[in-house]
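Novice: Below you will find the structure I want to go over with you.
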Amino acid sequence: MNRIYALLILACVMPWIAVSASAGVPRPEYPRPQFQRDAWINLNGEWSYQFDFSKSGGERNLKQSQGFGDTITVPFCPESPLSGVGYKDFINAMWYHRKVEIPADWCGKHIMLNFGGVDYKSVIYINGEEVMTHFGGSSSFSVDIAPYVGQGDNDLVVYVEDDLRSMMQTAGKQSRRLESYNAFYTRVTGIWQTVWLEAVEKGGLKCCRITPDLDNGRFVFEPEFFDPGTAAGFKVQILDNGKVVSTAEAVASNNVVVCANVKNVKTWSPESPFLYDVVISAVDSDGKPIDEVRAYAGMRKVELRGTKFYLNNEPYYQRLVLDQGYYPDGQWTAPCDSALRQDIELGKQAGFNGARLHQKVFEQRYIYWADKLGYLVWGESASWGMDWCSPVAARNMITEWEECVRRDYNAPSLVAWSPLNESRMDDVDGQRARLTDDLYMITHRLDRTRPVVTASGGDHARLTDIYSEHTYVQDPVKLYEQLKLDADGKPYVNRPHQSQPYRGEVYMIDEFGGIRWVKEMNTAEVGAAEDFWGYGVAPRTEEEFYKRLEEQVNVILSLDHIDGFCFTQIVDVELEKNGICTYDRRPKFDMERIRKIFTKPREQAKKEVAEMLRQRSLKTDE
């Protein structure tokens, strides 16, 4: 099947594909909305490639390539249909190539080559010369290629290694078997996010950290510059619907901290996601901009007080849904920007105020839409697939995680960090405990403004701000008995002999539900129910599904010590059929009815649970 025919078939079942296929350059939007420049070139589109299963490409001098024999559409991984390749077996190494022409007016500037994500190890060559090596399949990275490029065409070669079975790298839900199975899915190799070039003047901005300070009515800016001492000043403007409401200036320095006060502050929340526009500049001695970056900021505060989560100084109950960020046509990569927005709109339509982004570091455009639409998110690493007791794997993960935290620090929608998920593994010489402690402390050193859920479910770490548990008990009465406080006033702990004891932290159930339900929506869904995976015995009817779901949600809402939940999950993923929507994002249920269940007031849920328990008691007595 040729590429055009494959795209037409996909367009019939996924409405966004038609937009993506006809747009020319795939994923044409600027990929980093909180630090955006005008002078940039999108490198997505057709590249040439070659697999290197023997890893002999170095000896064959493939870094000097001026083009390989096969073509691939970047930024889609070779396992995906949208790449035009669709190779599903293990790919332990591959090479990419494309020509790059640098505009004449970029001469004398920094020329930043940016990668949104490359899984896992990547080596970048320009005209046969190595310019950098990067480790980490989830983290974004950049390199200045100005010293390596010349006039006319330049050869950009990217070498990738992805040894999933080594357990030395983060992998998330990628299958270590040949085929997908249960809750493990198609692999992702190589480039899977946008690649782009941008020009930056000497003395320009490398990055800028933005911290909202709600209690003092100000934003705090911490810029970092290329070529310190070249720019004379730093300037920031904050705008409300096009009107400048605050300006602050300082001498340009990598040590400077600038506070910009805002009168009549407008806060950000899921109910009112107001964003200020921000213009950040490095200026010369005459005050003229050397480099200008467009950004945005939300005034919001996240805090834990006792056993409660607070947003903007008010208690806030998180009603989250699990989102794994997989797409049937792009794997980890959304086919187009509107697909990212649609995922958030589906969550909001179902009654959720946010999502736990599960076992994947989502692309920055998803975070942008969460900021824009008002949707809380938890940032999580792709920690599964690695040996948590290996010092080498730990080093790889910590470096990658640090880059991810730094990248997404400015996002108002991001309200918690969760580096590990269900880290169930016997400790070896204290290495697993060491990793969890390191992750907690490093995350807090990078970000003092958000809580850290060191290990979501599984074996709980010694250090954590939120104590989260997972349960997939399907019977609501048994679920209530499991989750109610015990005789000592302590909450449920799944693995008490492997976990640190509960010490009064904020307590959440951040995985539950997972009710298996297969709905035949198109040919991709056809098959026997037993061929698919989910938790528990599937309900026999749709009404039985609604009843089980509502009673489970009622139980969670009714227990005062539980300060929030995360339901599994928003969409089916491959063989895992427990989503509210199918894998192609079509609702499986009456969404208004689903919404009423997830937005139910807690007092109402308490009454309904009390009646459920009374009725069950009567039946038992009979």
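By convention in this document, the chains of the structure tokens carry letters A, B, ... by their order, each chain's residues are numbered from 1, and ligands are numbered from 1 in the order they are shown.
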Find the spatial neighbours of Ser456 (chain A), counting only C-alpha atoms, within a cut-off of 12 Å - ignore same-chain residues fewer than 5 positions away - and output them as a PyMOL selection string.

Specialist: chain A and resi 356-359+378-381+383-384+416-424+436+461+464-471+493-494+499+507-511+566

Novice: Please produce a file of those selected residues containing N, CA, C and O atoms, as a compact mmCIF listing (two decimals), in the first residue's frame.

Specialist:
```
# COMPACT_ATOMS: atom_id res chain seq x y z
N ARG A 356 -3.62 12.94 34.29
CA ARG A 356 -2.30 12.42 34.65
C ARG A 356 -1.68 11.91 33.36
O ARG A 356 -2.18 10.98 32.74
N LEU A 357 -0.63 12.58 32.89
CA LEU A 357 0.03 12.23 31.63
C LEU A 357 0.93 11.03 31.91
O LEU A 357 1.98 11.16 32.54
N HIS A 358 0.54 9.89 31.41
CA HIS A 358 1.03 8.62 31.92
C HIS A 358 2.11 7.99 31.06
O HIS A 358 1.91 7.74 29.88
N GLN A 359 3.27 7.73 31.69
CA GLN A 359 4.37 6.99 31.10
C GLN A 359 4.82 7.54 29.75
O GLN A 359 5.20 6.81 28.84
N TRP A 378 -0.41 16.36 35.36
CA TRP A 378 0.73 15.86 36.11
C TRP A 378 1.79 15.43 35.09
O TRP A 378 1.50 14.69 34.16
N GLY A 379 3.02 15.89 35.28
CA GLY A 379 4.11 15.50 34.41
C GLY A 379 4.77 14.23 34.93
O GLY A 379 5.17 14.16 36.09
N GLU A 380 4.90 13.24 34.07
CA GLU A 380 5.44 11.93 34.45
C GLU A 380 6.50 11.50 33.45
O GLU A 380 6.39 11.80 32.26
N SER A 381 7.48 10.78 33.90
CA SER A 381 8.49 10.25 32.97
C SER A 381 8.00 8.94 32.38
O SER A 381 7.03 8.35 32.84
N SER A 383 9.09 5.99 32.82
CA SER A 383 10.04 5.26 33.66
C SER A 383 9.99 3.76 33.51
O SER A 383 10.94 3.06 33.88
N TRP A 384 8.88 3.21 33.00
CA TRP A 384 8.83 1.76 32.84
C TRP A 384 9.83 1.31 31.78
O TRP A 384 10.22 2.08 30.91
N ALA A 416 1.89 19.04 39.22
CA ALA A 416 2.60 18.03 40.01
C ALA A 416 3.58 17.30 39.11
O ALA A 416 3.34 17.12 37.91
N TRP A 417 4.69 16.86 39.73
CA TRP A 417 5.67 16.03 39.04
C TRP A 417 5.59 14.62 39.60
O TRP A 417 5.52 14.44 40.82
N SER A 418 5.65 13.62 38.71
CA SER A 418 5.60 12.23 39.15
C SER A 418 6.61 11.41 38.35
O SER A 418 6.28 10.83 37.32
N PRO A 419 7.85 11.36 38.81
CA PRO A 419 8.90 10.71 37.99
C PRO A 419 8.73 9.21 37.82
O PRO A 419 9.13 8.68 36.78
N LEU A 420 8.13 8.51 38.80
CA LEU A 420 8.05 7.05 38.72
C LEU A 420 6.60 6.58 38.78
O LEU A 420 5.77 7.19 39.47
N ASN A 421 6.32 5.49 38.12
CA ASN A 421 5.01 4.85 38.19
C ASN A 421 5.19 3.40 38.59
O ASN A 421 5.96 2.66 37.97
N GLU A 422 4.50 2.99 39.68
CA GLU A 422 4.49 1.60 40.11
C GLU A 422 5.88 0.97 40.05
O GLU A 422 6.10 -0.03 39.36
N SER A 423 6.79 1.53 40.79
CA SER A 423 8.17 1.03 40.76
C SER A 423 8.30 -0.22 41.62
O SER A 423 9.00 -0.26 42.62
N ARG A 424 7.58 -1.26 41.21
CA ARG A 424 7.61 -2.53 41.95
C ARG A 424 8.85 -3.31 41.56
O ARG A 424 8.96 -3.84 40.46
N THR A 436 14.90 6.78 44.05
CA THR A 436 13.68 7.52 44.40
C THR A 436 14.00 8.75 45.23
O THR A 436 13.42 9.82 45.02
N ALA A 461 7.95 5.57 47.94
CA ALA A 461 9.28 6.08 48.26
C ALA A 461 9.31 6.66 49.67
O ALA A 461 8.28 6.98 50.26
N THR A 464 7.99 11.73 49.59
CA THR A 464 6.94 12.07 48.63
C THR A 464 6.05 13.12 49.26
O THR A 464 5.89 13.17 50.49
N ASP A 465 5.44 13.96 48.44
CA ASP A 465 4.53 15.00 48.93
C ASP A 465 3.09 14.54 48.89
O ASP A 465 2.27 14.94 49.70
N ILE A 466 2.75 13.71 47.90
CA ILE A 466 1.42 13.14 47.77
C ILE A 466 1.56 11.62 47.81
O ILE A 466 2.39 11.05 47.08
N TYR A 467 0.78 10.98 48.67
CA TYR A 467 0.79 9.52 48.77
C TYR A 467 -0.34 9.01 47.88
O TYR A 467 -1.51 9.21 48.18
N SER A 468 0.01 8.41 46.77
CA SER A 468 -1.00 7.99 45.79
C SER A 468 -1.05 6.47 45.71
O SER A 468 -0.03 5.80 45.79
N GLU A 469 -2.26 5.95 45.56
CA GLU A 469 -2.44 4.51 45.45
C GLU A 469 -3.26 4.17 44.20
O GLU A 469 -4.05 4.98 43.71
N HIS A 470 -3.05 2.95 43.72
CA HIS A 470 -3.80 2.41 42.59
C HIS A 470 -4.63 1.23 43.08
O HIS A 470 -4.18 0.44 43.90
N THR A 471 -5.85 1.13 42.57
CA THR A 471 -6.68 -0.03 42.87
C THR A 471 -7.62 -0.26 41.69
O THR A 471 -8.17 0.68 41.12
N VAL A 493 -2.93 0.96 51.87
CA VAL A 493 -1.62 0.90 51.23
C VAL A 493 -1.52 -0.46 50.55
O VAL A 493 -1.66 -1.51 51.19
N ASN A 494 -1.28 -0.45 49.26
CA ASN A 494 -1.32 -1.66 48.44
C ASN A 494 -0.21 -2.63 48.81
O ASN A 494 -0.44 -3.84 48.91
N SER A 499 6.56 -0.71 50.94
CA SER A 499 6.41 0.74 50.88
C SER A 499 6.74 1.40 52.21
O SER A 499 6.62 0.78 53.27
N TYR A 507 -3.47 12.41 50.29
CA TYR A 507 -3.69 11.03 49.84
C TYR A 507 -4.65 11.03 48.65
O TYR A 507 -5.73 11.64 48.72
N MET A 508 -4.27 10.37 47.56
CA MET A 508 -5.09 10.31 46.36
C MET A 508 -5.14 8.89 45.79
O MET A 508 -4.19 8.11 45.98
N ILE A 509 -6.22 8.58 45.14
CA ILE A 509 -6.31 7.36 44.34
C ILE A 509 -6.10 7.79 42.88
O ILE A 509 -7.02 8.28 42.23
N ASP A 510 -4.89 7.61 42.40
CA ASP A 510 -4.59 8.16 41.08
C ASP A 510 -4.55 7.09 39.99
O ASP A 510 -4.05 7.33 38.89
N GLU A 511 -5.14 5.91 40.26
CA GLU A 511 -5.55 4.97 39.23
C GLU A 511 -6.67 4.12 39.81
O GLU A 511 -6.51 3.52 40.88
N CYS A 566 -7.79 9.79 39.88
CA CYS A 566 -7.48 9.70 38.45
C CYS A 566 -8.10 8.41 37.93
O CYS A 566 -7.76 7.32 38.41
```

Novice: Would you kindly return, as a list in words, each protein, DNA or RNA residue with an atom no farther than 12 Å from any atom of Ser272 (chain A), considering only C-alpha atoms and excluding same-chain residues fewer than 3 positions away?

Specialist: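 Non-adjacent residues within range: Lys266, Thr267, Trp268, Ser269, Leu275, Gly298, Met299, Arg300, Asn312, Asn353, Asp371, Lys372, Leu373, Gly374, Tyr375, Leu376 and Ser413 of chain A.
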
Novice: Excluding same-chain residues fewer than 3 positions from Asp213 (chain A), what lies within 10 Å of it counting only C-alpha atoms, as a count of residues only?

Specialist: 13

Novice: To test your reading of the structure, identify every residue in region 400-443 of chain A that backbone DSSP assigns to helix (DSSP H, G or I), and report it as a PyMOL selection string.

Specialist: chain A and resi 400-408+431-443

Novice: I'd like the contact shell of Lys607 (chain A) - 9 Å cut-off, only C-alpha atoms, skipping same-chain residues fewer than 5 positions apart - returned as a list in words.

Specialist: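 Those residues are Ser558, Arg602 and Met612 of chain A.
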
Novice: For region 582-584 of chain A, find every residue with an atom within 7 Å (counting only C-alpha atoms), except residues of its own chain fewer than 5 positions away, and show them as a list in words.

Specialist: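 Answer for this query is Met14, Pro328, Val571, Asp572, Val573 and Glu574 of chain A.
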
Novice: Please run DSSP on the backbone and report, as an MDAnalysis selection string, all residues within region 285-381 of chain A that come out as strand (DSSP E or B).

Specialist: chainID A and resid 289:297 299 302:305 308:311 314:315 318:323 327 331 354:357 376:380

Novice: Here is a test: counting only C-alpha atoms, which residue of A:Ile102, A:Leu62, A:Met167, A:Val428 is nearest to Gly385 (chain A)?

Specialist: A:Met167
